[in-house]
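Student: My structure is stored as model10.txt, with compact mmCIF, N, CA and C atoms and all ligand atoms.
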# COMPACT_ATOMS: atom_id res chain seq x y z
N MET T 1 6.91 -27.62 -9.54
CA MET T 1 7.43 -26.91 -8.36
C MET T 1 7.95 -25.52 -8.76
N GLY T 2 8.75 -25.49 -9.83
CA GLY T 2 9.25 -24.20 -10.30
C GLY T 2 8.11 -23.32 -10.74
N LYS T 3 7.06 -23.94 -11.23
CA LYS T 3 5.94 -23.17 -11.74
C LYS T 3 5.24 -22.40 -10.61
N SER T 4 5.04 -23.07 -9.48
CA SER T 4 4.33 -22.41 -8.39
C SER T 4 5.17 -21.26 -7.83
N MET T 5 6.46 -21.39 -7.87
CA MET T 5 7.32 -20.31 -7.39
C MET T 5 7.19 -19.08 -8.29
N ARG T 6 7.14 -19.34 -9.58
CA ARG T 6 6.98 -18.22 -10.51
C ARG T 6 5.64 -17.52 -10.28
N ASN T 7 4.60 -18.31 -10.07
CA ASN T 7 3.27 -17.73 -9.84
C ASN T 7 3.27 -16.82 -8.62
N LYS T 8 3.95 -17.28 -7.59
CA LYS T 8 3.99 -16.50 -6.36
C LYS T 8 4.65 -15.14 -6.61
N LYS T 9 5.73 -15.18 -7.37
CA LYS T 9 6.46 -13.96 -7.65
C LYS T 9 5.60 -12.99 -8.47
N ARG T 10 4.90 -13.54 -9.47
CA ARG T 10 4.10 -12.69 -10.33
C ARG T 10 2.99 -12.02 -9.53
N LYS T 11 2.42 -12.77 -8.58
CA LYS T 11 1.34 -12.22 -7.78
C LYS T 11 1.83 -11.00 -7.00
N LYS T 12 3.04 -11.09 -6.48
CA LYS T 12 3.58 -9.99 -5.70
C LYS T 12 3.74 -8.74 -6.58
N ILE T 13 4.22 -8.94 -7.77
CA ILE T 13 4.39 -7.82 -8.68
C ILE T 13 3.03 -7.19 -9.01
N ASN T 14 2.03 -8.04 -9.26
CA ASN T 14 0.71 -7.54 -9.56
C ASN T 14 0.15 -6.68 -8.44
N MET T 15 0.40 -7.10 -7.23
CA MET T 15 -0.14 -6.37 -6.10
C MET T 15 0.38 -4.93 -6.06
N GLY T 16 1.60 -4.74 -6.48
CA GLY T 16 2.18 -3.42 -6.37
C GLY T 16 2.18 -2.63 -7.67
N ARG T 17 1.60 -3.19 -8.70
CA ARG T 17 1.81 -2.54 -10.01
C ARG T 17 1.05 -1.23 -10.16
N PHE T 18 0.05 -0.99 -9.31
CA PHE T 18 -0.69 0.27 -9.40
C PHE T 18 -0.10 1.35 -8.50
N LEU T 19 0.81 0.95 -7.65
CA LEU T 19 1.31 1.90 -6.67
C LEU T 19 2.31 2.88 -7.28
N PRO T 20 2.36 4.09 -6.73
CA PRO T 20 3.36 5.05 -7.20
C PRO T 20 4.75 4.62 -6.76
N GLU T 21 5.78 5.18 -7.39
CA GLU T 21 7.15 4.80 -7.03
C GLU T 21 7.56 5.41 -5.71
N SER T 22 6.90 6.50 -5.35
CA SER T 22 7.22 7.12 -4.07
C SER T 22 5.98 7.81 -3.51
N VAL T 23 5.96 7.94 -2.19
CA VAL T 23 4.90 8.71 -1.53
C VAL T 23 5.56 9.69 -0.57
N GLU T 24 4.82 10.75 -0.28
CA GLU T 24 5.35 11.76 0.64
C GLU T 24 4.89 11.42 2.05
N CYS T 25 5.83 11.46 2.99
CA CYS T 25 5.49 11.16 4.37
C CYS T 25 4.42 12.13 4.87
N ASN T 26 3.35 11.57 5.48
CA ASN T 26 2.26 12.40 6.01
C ASN T 26 2.74 13.35 7.09
N ASN T 27 3.78 12.95 7.76
CA ASN T 27 4.21 13.65 8.96
C ASN T 27 5.28 14.71 8.67
N CYS T 28 6.34 14.33 7.95
CA CYS T 28 7.47 15.25 7.78
C CYS T 28 7.77 15.55 6.31
N HIS T 29 6.97 14.99 5.41
CA HIS T 29 7.09 15.27 3.97
C HIS T 29 8.36 14.75 3.32
N GLU T 30 9.01 13.81 3.97
CA GLU T 30 10.13 13.09 3.36
C GLU T 30 9.56 12.25 2.21
N MET T 31 10.32 12.12 1.11
CA MET T 31 9.88 11.25 0.04
C MET T 31 10.25 9.81 0.37
N LEU T 32 9.26 8.93 0.37
CA LEU T 32 9.48 7.53 0.71
C LEU T 32 9.38 6.68 -0.55
N THR T 33 10.42 5.89 -0.78
CA THR T 33 10.42 5.07 -2.00
C THR T 33 10.29 3.59 -1.69
N ASP T 34 10.42 3.22 -0.42
CA ASP T 34 10.33 1.81 -0.05
C ASP T 34 8.89 1.49 0.36
N ILE T 35 8.04 1.28 -0.63
CA ILE T 35 6.63 1.06 -0.38
C ILE T 35 6.32 -0.43 -0.44
N GLU T 36 5.76 -0.92 0.64
CA GLU T 36 5.41 -2.34 0.68
C GLU T 36 3.98 -2.52 0.18
N ALA T 37 3.83 -3.33 -0.85
CA ALA T 37 2.51 -3.56 -1.43
C ALA T 37 1.68 -4.48 -0.55
N MET T 38 0.41 -4.15 -0.39
CA MET T 38 -0.49 -4.99 0.39
C MET T 38 -1.64 -5.44 -0.48
N ASP T 39 -2.30 -6.50 -0.05
CA ASP T 39 -3.37 -7.08 -0.84
C ASP T 39 -4.61 -6.18 -0.81
N PRO T 40 -5.01 -5.64 -1.95
CA PRO T 40 -6.17 -4.74 -1.97
C PRO T 40 -7.49 -5.49 -2.11
N LYS T 41 -7.44 -6.81 -2.21
CA LYS T 41 -8.65 -7.59 -2.48
C LYS T 41 -9.80 -7.37 -1.49
N PRO T 42 -9.52 -7.21 -0.17
CA PRO T 42 -10.65 -7.02 0.75
C PRO T 42 -11.41 -5.72 0.50
N PHE T 43 -10.86 -4.86 -0.34
CA PHE T 43 -11.49 -3.55 -0.55
C PHE T 43 -11.91 -3.38 -2.01
N PRO T 44 -13.20 -3.54 -2.26
CA PRO T 44 -13.69 -3.39 -3.63
C PRO T 44 -13.45 -1.98 -4.15
N GLY T 45 -12.99 -1.86 -5.38
CA GLY T 45 -12.77 -0.55 -5.97
C GLY T 45 -11.35 -0.05 -5.78
N ILE T 46 -10.57 -0.79 -4.98
CA ILE T 46 -9.17 -0.41 -4.74
C ILE T 46 -8.26 -1.25 -5.64
N ASP T 47 -7.37 -0.57 -6.34
CA ASP T 47 -6.43 -1.28 -7.21
C ASP T 47 -5.14 -1.62 -6.49
N GLY T 48 -4.76 -0.79 -5.57
CA GLY T 48 -3.50 -1.05 -4.88
C GLY T 48 -3.42 -0.36 -3.54
N ILE T 49 -2.77 -1.03 -2.58
CA ILE T 49 -2.53 -0.43 -1.27
C ILE T 49 -1.05 -0.60 -0.96
N GLY T 50 -0.43 0.46 -0.49
CA GLY T 50 0.96 0.36 -0.11
C GLY T 50 1.19 1.01 1.23
N CYS T 51 2.21 0.52 1.93
CA CYS T 51 2.55 1.10 3.23
C CYS T 51 4.04 1.37 3.23
N ALA T 52 4.42 2.59 3.63
CA ALA T 52 5.84 2.94 3.69
C ALA T 52 6.15 3.50 5.06
N ARG T 53 7.27 3.06 5.63
CA ARG T 53 7.68 3.59 6.92
C ARG T 53 8.77 4.63 6.71
N CYS T 54 8.54 5.78 7.29
CA CYS T 54 9.48 6.89 7.11
C CYS T 54 10.74 6.65 7.93
N PRO T 55 11.93 6.71 7.31
CA PRO T 55 13.17 6.50 8.05
C PRO T 55 13.51 7.70 8.94
N VAL T 56 12.90 8.83 8.68
CA VAL T 56 13.21 10.04 9.44
C VAL T 56 12.37 10.12 10.72
N CYS T 57 11.03 10.05 10.57
CA CYS T 57 10.17 10.23 11.75
C CYS T 57 9.54 8.91 12.20
N ARG T 58 9.77 7.84 11.44
CA ARG T 58 9.28 6.51 11.78
C ARG T 58 7.77 6.40 11.77
N ASP T 59 7.11 7.33 11.14
CA ASP T 59 5.67 7.26 10.98
C ASP T 59 5.35 6.39 9.77
N TYR T 60 4.14 5.84 9.74
CA TYR T 60 3.71 5.05 8.59
C TYR T 60 2.86 5.91 7.67
N THR T 61 3.12 5.81 6.39
CA THR T 61 2.31 6.51 5.40
C THR T 61 1.71 5.49 4.45
N TRP T 62 0.43 5.62 4.22
CA TRP T 62 -0.27 4.67 3.34
C TRP T 62 -0.49 5.29 1.98
N ALA T 63 -0.43 4.45 0.97
CA ALA T 63 -0.75 4.90 -0.38
C ALA T 63 -1.90 4.05 -0.90
N PHE T 64 -2.94 4.71 -1.38
CA PHE T 64 -4.08 3.99 -1.93
C PHE T 64 -4.29 4.39 -3.38
N VAL T 65 -4.58 3.41 -4.21
CA VAL T 65 -4.90 3.69 -5.61
C VAL T 65 -6.24 3.05 -5.92
N GLY T 66 -7.17 3.85 -6.42
CA GLY T 66 -8.48 3.30 -6.74
C GLY T 66 -9.52 4.39 -6.80
N GLU T 67 -10.79 4.01 -6.78
CA GLU T 67 -11.88 4.98 -6.81
C GLU T 67 -11.88 5.80 -5.52
N ALA T 68 -12.18 7.09 -5.66
CA ALA T 68 -12.06 8.01 -4.52
C ALA T 68 -12.85 7.53 -3.31
N GLU T 69 -14.07 7.08 -3.54
CA GLU T 69 -14.92 6.65 -2.43
C GLU T 69 -14.36 5.38 -1.77
N ALA T 70 -13.89 4.47 -2.61
CA ALA T 70 -13.31 3.22 -2.10
C ALA T 70 -12.05 3.51 -1.30
N VAL T 71 -11.28 4.49 -1.74
CA VAL T 71 -10.05 4.86 -1.04
C VAL T 71 -10.38 5.36 0.36
N LEU T 72 -11.42 6.20 0.46
CA LEU T 72 -11.81 6.72 1.78
C LEU T 72 -12.21 5.59 2.72
N MET T 73 -13.00 4.66 2.20
CA MET T 73 -13.46 3.55 3.04
C MET T 73 -12.31 2.67 3.48
N ALA T 74 -11.41 2.38 2.56
CA ALA T 74 -10.26 1.53 2.90
C ALA T 74 -9.38 2.22 3.93
N LYS T 75 -9.20 3.53 3.78
CA LYS T 75 -8.39 4.30 4.72
C LYS T 75 -8.97 4.19 6.12
N GLU T 76 -10.28 4.41 6.22
CA GLU T 76 -10.94 4.35 7.53
C GLU T 76 -10.78 2.98 8.16
N ALA T 77 -11.00 1.95 7.36
CA ALA T 77 -10.91 0.57 7.88
C ALA T 77 -9.50 0.28 8.38
N LEU T 78 -8.50 0.71 7.61
CA LEU T 78 -7.13 0.41 7.99
C LEU T 78 -6.69 1.24 9.19
N MET T 79 -7.13 2.50 9.25
CA MET T 79 -6.78 3.34 10.39
C MET T 79 -7.31 2.71 11.68
N GLU T 80 -8.56 2.26 11.63
CA GLU T 80 -9.15 1.62 12.81
C GLU T 80 -8.32 0.43 13.26
N THR T 81 -7.92 -0.37 12.27
CA THR T 81 -7.14 -1.56 12.59
C THR T 81 -5.81 -1.20 13.21
N TYR T 82 -5.16 -0.17 12.68
CA TYR T 82 -3.80 0.12 13.11
C TYR T 82 -3.72 1.08 14.29
N MET T 83 -4.83 1.68 14.67
CA MET T 83 -4.82 2.59 15.80
C MET T 83 -4.99 1.84 17.13
N GLU T 84 -5.47 0.63 17.07
CA GLU T 84 -5.77 -0.12 18.28
C GLU T 84 -4.53 -0.42 19.10
ZN ZN W 1 8.43 11.25 8.08
Output the structure of this file as structure tokens.
Ligand SMILES: [Zn+2]
Tutor:
Amino acid sequence: MGKSMRNKKRKKINMGRFLPESVECNNCHEMLTDIEAMDPKPFPGIDGIGCARCPVCRDYTWAFVGEAEAVLMAKEALMETYME
């Protein structure tokens, strides 16, 4: 039982290990340090995806780490999902 809990924790760390410590808000250029790691598995070539909500303008800023082409594709897919 304790083992499965440890595994869960490690997985979470792995998901965010490629992400930067901070991203700049797309909208107002505030530095955002509270980046939530998301599962990059659905996107081949992507090492990490993060989402941060700006406390100033409340806009969402995404951070992608991976191959340039894969980043573009993942961005498009996520924008479509979140614009609906
Ligand atoms: Zn902002």
Student: Taking all atoms listed in the file into account, list the residues no farther than 6.5 Å from ligand ZN 1 (chain W), as an mmCIF file with N, CA and C atoms, in the frame of the given file.
Tutor:
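Final output, saved to result-v6.cif:
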data_model
loop_
_atom_site.group_PDB
_atom_site.id
_atom_site.type_symbol
_atom_site.label_atom_id
_atom_site.label_comp_id
_atom_site.auth_asym_id
_atom_site.auth_seq_id
_atom_site.Cartn_x
_atom_site.Cartn_y
_atom_site.Cartn_z
ATOM 1 N N CYS T 25 5.830 11.460 2.990
ATOM 2 C CA CYS T 25 5.490 11.160 4.370
ATOM 3 C C CYS T 25 4.420 12.130 4.870
ATOM 4 N N ASN T 26 3.350 11.570 5.480
ATOM 5 C CA ASN T 26 2.260 12.400 6.010
ATOM 6 C C ASN T 26 2.740 13.350 7.090
ATOM 7 N N ASN T 27 3.780 12.950 7.760
ATOM 8 C CA ASN T 27 4.210 13.650 8.960
ATOM 9 C C ASN T 27 5.280 14.710 8.670
ATOM 10 N N CYS T 28 6.340 14.330 7.950
ATOM 11 C CA CYS T 28 7.470 15.250 7.780
ATOM 12 C C CYS T 28 7.770 15.550 6.310
ATOM 13 N N HIS T 29 6.970 14.990 5.410
ATOM 14 C CA HIS T 29 7.090 15.270 3.970
ATOM 15 C C HIS T 29 8.360 14.750 3.320
ATOM 16 N N GLU T 30 9.010 13.810 3.970
ATOM 17 C CA GLU T 30 10.130 13.090 3.360
ATOM 18 C C GLU T 30 9.560 12.250 2.210
ATOM 19 N N CYS T 54 8.540 5.780 7.290
ATOM 20 C CA CYS T 54 9.480 6.890 7.110
ATOM 21 C C CYS T 54 10.740 6.650 7.930
ATOM 22 N N PRO T 55 11.930 6.710 7.310
ATOM 23 C CA PRO T 55 13.170 6.500 8.050
ATOM 24 C C PRO T 55 13.510 7.700 8.940
ATOM 25 N N VAL T 56 12.900 8.830 8.680
ATOM 26 C CA VAL T 56 13.210 10.040 9.440
ATOM 27 C C VAL T 56 12.370 10.120 10.720
ATOM 28 N N CYS T 57 11.030 10.050 10.570
ATOM 29 C CA CYS T 57 10.170 10.230 11.750
ATOM 30 C C CYS T 57 9.540 8.910 12.200
ATOM 31 N N ARG T 58 9.770 7.840 11.440
ATOM 32 C CA ARG T 58 9.280 6.510 11.780
ATOM 33 C C ARG T 58 7.770 6.400 11.770
ATOM 34 N N ASP T 59 7.110 7.330 11.140
ATOM 35 C CA ASP T 59 5.670 7.260 10.980
ATOM 36 C C ASP T 59 5.350 6.390 9.770
#
Student: I'd like to know which residues of chain T are strand (DSSP E) (by DSSP, run on the backbone); could you write them as a list in words?
Tutor: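 Those residues are Val23, Glu24, Met31, Leu32, Glu36, Ala37, Met38, Ile46, Asp47, Gly48, Ile49, Gly50, Cys51, Ala52, Arg53, Tyr60, Thr61, Trp62, Ala63, Phe64, Val65 and Gly66 of chain T.
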Student: Rank T:Val65, T:Ala70, T:Met31, T:Ala77 by their smallest atom-to-atom distance to T:Pro44, using all atoms listed in the file, and report the top residue only.
Tutor: T:Ala70
Student: Show me, as a list in words, the residues that have an atom within 6 Å of T:Asp34 when counting only N, CA and C atoms, minus same-chain residues fewer than 6 positions from it.
Tutor: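 Result of the neighbour search: Cys51, Ala52 and Arg53 of chain T.
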Student: Ranking T:Gly45, T:Leu32, T:Asn14, T:Gly50 by minimum distance to T:Glu69 and counting all atoms listed in the file, which one comes first?
Tutor: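 So, comparing all the options, the nearest one is T:Gly45.
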Student: Taking into account all atoms listed in the file, which residue in the set T:Asp47, T:Thr61, T:Ala68, T:Met73 is nearest to T:Phe18?
Tutor: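 Counting all atoms listed in the file, the residue closest to T:Phe18 is T:Asp47.
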Student: Ranking T:Ile46, T:Tyr60, T:Ser22, T:Met38 by minimum distance to T:Ala74 and counting only N, CA and C atoms, which one comes first?
Tutor: T:Ile46
Student: So which bits of chain T end up helix (DSSP H, G or I) when you DSSP the backbone, as a VMD selection string?
Tutor: chain T and resid 2 to 16 68 to 83
Student: Any idea what the distance is between atom C of T:Arg17 and atom CA of T:Gly48?
Tutor: 7.0 Å
Student: Let me have the centre and edge lengths of the axis-aligned box enclosing all listed atoms of stretch 42-46 of chain T with 3 Å padding on every side, in Å to one decimal, as lines of an AutoDock Vina configuration file.
Tutor:
center_x = -11.0
center_y = -3.6
center_z = -2.6
size_x = 11.4
size_y = 13.2
size_z = 12.7
Student: In Å, rounded to a single decimal, give me how far atom CA of T:Pro20 is from atom CA of T:Glu80.
Tutor: 23.8 Å
